[in-house]
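To start, the structure itself, in structure tokens.
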Amino acid sequence: MSSTDRPMPSMSRLYKSVAFALCASSLHPFSAAIAQQSEQEEAQAIEEVVATGTRLKGTAAAVLQERQNQAFVADIMGAEQISRTGDGDAASALRRVTGLTLVDGKFIYVRGLGERYSSTQLNGMGVPSPDPTRSVVPLDLFPSDIIESLNVQKSFSPNMPSHFGGGNVNIRTKTIPTDFIFRVSGGLGYNTNNSDDGFFYSGGGDDWTGRDDGTRELSSVISDSLDRAQSDAGIQGSNSYRLTLEDRKAMLSSMFWDIGPDPKSVDPDFNLGMTLGDNYDTDYGVFGFLSAVSYENEWNINQGSQGNNLGTVGCSDLPDRYSKDGKCFAQFFEGVDTEQQVRWSGMLNLGWEINSNHRIDMTNLILHDMSDRVRVREFIDINETVFGETELQRVDMLFEERRMNSNQIKGTHNFPELNFLYLDWYAGTSRARRSAPGSLDVTYQQNFADGAFVDQQLQPIAATSVNRGYQDLRDVVETWGWNAGYPIMAEGLELEIKAGADFFEKARKAENIPINVTHRAISSDFLFGNRIDEIFSDENINNDDFYRSATGANILESGMADGDEFAAGTKIDAYYLMMDAFIDNTWRVSGGVRYEDFRQVSVPFEAHSNQFSVTPEEIEQLFFEEDDFFPSLALTYMMDNDMQFRLNMSQTTIRPDLRDVSVTFFIDPLTEFLVRGTPLLQSSKLDNVDFRWEWYREAGNNLSVAVFYKDIEKPIELIELNTVGGAAPNLLTANGESGKLYGLEVEFLQDLSIISSDLSNFFVTGNLTISDSEVTLGAVEDDVTSLFETQLLDALNATSASITVTNNKRRLVGHSEWVANLQVGYDSDNGEHSATLVYNAFGPRIIVPGTRGNEDAEEQTYHSLDMNYTYYPDFNTRIKFSIKNLLDQSKQIQQEGLNLLLQEDGVEFGLSYSYQF
């Protein structure tokens with residue numbers, strides 16, 4: 001629906017009218033000399049600023065100028081700041097920014113709004129995501145070594161994507177150096193948790209590179225049979241395509257079973273890196289390049305626990321540690337988690353500049369991340385566990401590769417002969433892939449007699465199976481656009497008219513093939529054993545007696561359903577017009593309007609078939625289309641060179657992602673709950689207001705105070721479905737009725753010379769955010785059916801259902817009422833020593849909303865305290881020592897006083913060395 005077709009709040013109508021008026025007035029000609037003051041030139045000037053001789057060694061002071069010159073509210077973190085905090089990737093670094101919190105180590109929540117409420121760009125361009133569970137790219141993919149700065153714009157401007165709630169994160173990679181640079185680095189790391197042994201296995205020969213060599217992938221023997229069968233029944237042998245015992249032996253043998261697992265004493269972490277760059281001044285302009293490569297291999301052994309399906313049935317039979325006040329989890333896991341992570345990246349940037357007016361840059365980037373995890377955990381099921389008689393153990397393995405490569409080109413052109421008209425253009429192609437071949441999940445039954453262990457076997461229950469999974473997701477993004485500006489000057493007025501266009505296309509293909517090896521199809525004598533590779537040894541698989549049936553019937557079952565394979569696409573055409581005016585060097589007025597035409601579709605396939613599972617008429621109904629105008633207005637009062645006041649107002653949207661409109665379930669990686677979307681999901685509309693006071697003082701000292709308010713129409717939230725079955729609850733992505741968010745932000749940086757001149761080498765910087773939010777779902781037992789209830793009934797395929805949501809009104813999922821950051825830094829007079837103590841904490845936040853009278857599940861406060869010390873023995877050498885999680889905190893999600901999730905992170909030590917030739 002167009003914005004002109006729907007009623008708007010009075011505040012929206014007011015600033016939309018003002019924004020249109022500003023654009024119209026900006027086209028009125030002025031008869032005076034012309035001087036350029038474009039944001040692009042400002043950005044270029046900022047990039048060339050070098051903080052020299054300050055006691056802060058170029059940390060926060062290096063980016064203050066850029067933040068001060070921004071027309072819209074933004075927070076910026078430079079490379080030196082990231083280096084001081086010791087954060088290894090963009091996600092970890094961004095939690096230091098005011099009002100930002102980190103969830104699952106990958107995703108940033110801006111001002112308490114979930115990752116879906118923010119957008120991520122790489123050098124100002126959209127990028128794909130290799131994560132099927134989130135709508136944005138996981139930021140842990142970006143190593144800090146390639147980052148020049150992180151720009152978090154918290155108020156919307158017309159030249160930004162309108163998918164804007166909490167903010168926009170722009171990751172800006174390092175650019176062409178001004179001088180020759182050649183730097184090598186290496187480091188070692190150790191976690192206190194790793195002193196204990198974990199459990200692991202020998203994988204493929206290329207695991208050290210972070211890539212599977214084909215060991216784990218779905219074999220052609222199985223995939224060919226699946227294609228021929230084209231149904232679940234076919235693979236079981238009851239359809240027209242018949243499988244013999246020899247066929248099933250071949251299929252079972254083709255799976256990777258050499259998993260064990262075995263006890264594992266892990267090696268120390270290590271990383272390597274190299275950077276090389278230079279520029280050349282020629283008669284044809286200045287040419288330059290910057291290349292960087294890095295490799296990291298890290299191990300983690302964690303003790304942890306996890307529960308799901310909170311209820312009251314059977315709790316009295318459990319030990320006190322598993323239940324509280326008559327409540328318990330129906331399933332509970334406790335044990336050791338062993339994970340290897342391999343990350344590597346490569347970057348090659350090329351640049352060409354002609355007489356400072358024309359510049360072309362090319363950025364080529366490849367990021368690769370592998371996670372290989374084995375968990376061996378005790379498994380308590382209130383329906384199956386009998387303590388001292390039959391107890392359970394769960395072993396699971398997940399190998400996951402994530403990869404993204406991006407090729408970008410952009411040009412900047414200034415034309416002094418045309419009254420300093422300027423033109424920017426860009427184009428980019430990015431690809432992302434997530435591959436998770438051969439995951440495994442197996443449940444054992446441990447048998448006891450008189451309290452003594454007797455033996456272990458695959459759980460002898462008809463419905464159980466060894467679950468294998470093969471997942472693949474590919475994203476391709478094509479994006480291009482341009483921006484142009486024309487400056488005008490009159491007496492007491494400097495004005496710039498800006499216009500531009502952005503075009504974005506995204507295609508996704510995803511496939512999930514679950515295969516179950518059923519316990520009931522295996523002869524009882526062969527169920528015994530405590531290692532998966534012994535039970536499914538070649539000797540056993542090729543033994544006819546291994547199978548209950550003479551044909552091996554039912555040994556393999558496909559769990560693939562319609563929609564587990566799908567194709568999807570998104571296309572956005574956007575245009576904007578805005579102006580930026582300085583009046584008497586006292587007032588700055590910026591604003592304009594963005595128009596976006598958004599189209600999206602997600603089409604499911606039949607299981608094991610290249611055929612759509614919906615009719616052409618149904619495909620038409622799956623199309624999601626909307627277009628609208630999005631206004632923005634920014635007013636800045638510059639009291640003097642040091643102090644200014646900002647007021648920003650805007651209207652934006654949050655649209656459903658491809659996963660949000662799919663009825664296919666996926667597993668949330670944090671809670672392991674099943675999550676699905678609904679084709680009935682609608683966009684959220686947001687009205688945003690920001691006001692900030694900024695005071696920039698000598699030597700980089702500064703203070704700012706901000707207040708913000710957001711009114712959200714139809715917020716997109718998670719709720720638990722009424723029908724809960726199996727080992728994991730089912731969550732639905734649905735629209736609430738309304739929401740609001742408001743808060744206060746304070747940020748400061750101050751050297752301690754104000755206390756004593758003896759403390760002039762020390763500084764303190766930090767920020768504090770205090771906020772509150774409220775979402776109304778519309779889950780009320782009355783005669784009026786809300787949008788939320790309509791989506792719930794559609795998901796349940798029902799005409800009526802009881803409402804089990806505990807709180808119809810609550811805080812937004814993921815919102816912390818307070819977030820705090822504090823840094824204490826020291827720089828020696830001779831420049832040889834630098835030290836920083838870094839603290840980060842957040843208030844409890846809802847992870848899973850409660851149902852059936854149960855409280856919301858909340859992640860508890862995590863007090864992160866890190867220390868970094870750097871020694872510069874000479875101009876070229878840097879030695880760094882770091883300690884992370886000094887307080888030895890654990891990640892904890894609690895519900896009704898029980899641990900929904902508990903993960904011990906341990907204390908991490910690191911030592912690195914770098915030398916620049």
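Ligands are numbered from 1 in the order shown, chains are lettered A, B, ... in the order of the structure tokens, and residues start at 1 in each chain.
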
* Out of region 435-659 of chain A, which residues get helix (DSSP H, G or I) from DSSP, as number ranges by chain? -> A: 519-521, 524-527, 532-535, 538-541, 544-546, 616-622

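For the residues A:Pro319, A:Gly552, A:Gly78, A:Gly214, ranking by smallest atom-to-atom distance to Asp247 (chain A) using only C-alpha atoms places A:Gly552 first.
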
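Shortest separation to Val838 (chain A) among A:Asp320, A:Glu720, A:Asp87, A:Asp525 occurs at residue A:Asp87, atoms counted being only C-alpha atoms.
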
* Asked: With only C-alpha atoms as the atoms that count, which of A:Tyr284, A:Phe605, A:Tyr470, A:Phe881 lies nearest to Gly559 (chain A)?
  -> A:Tyr470
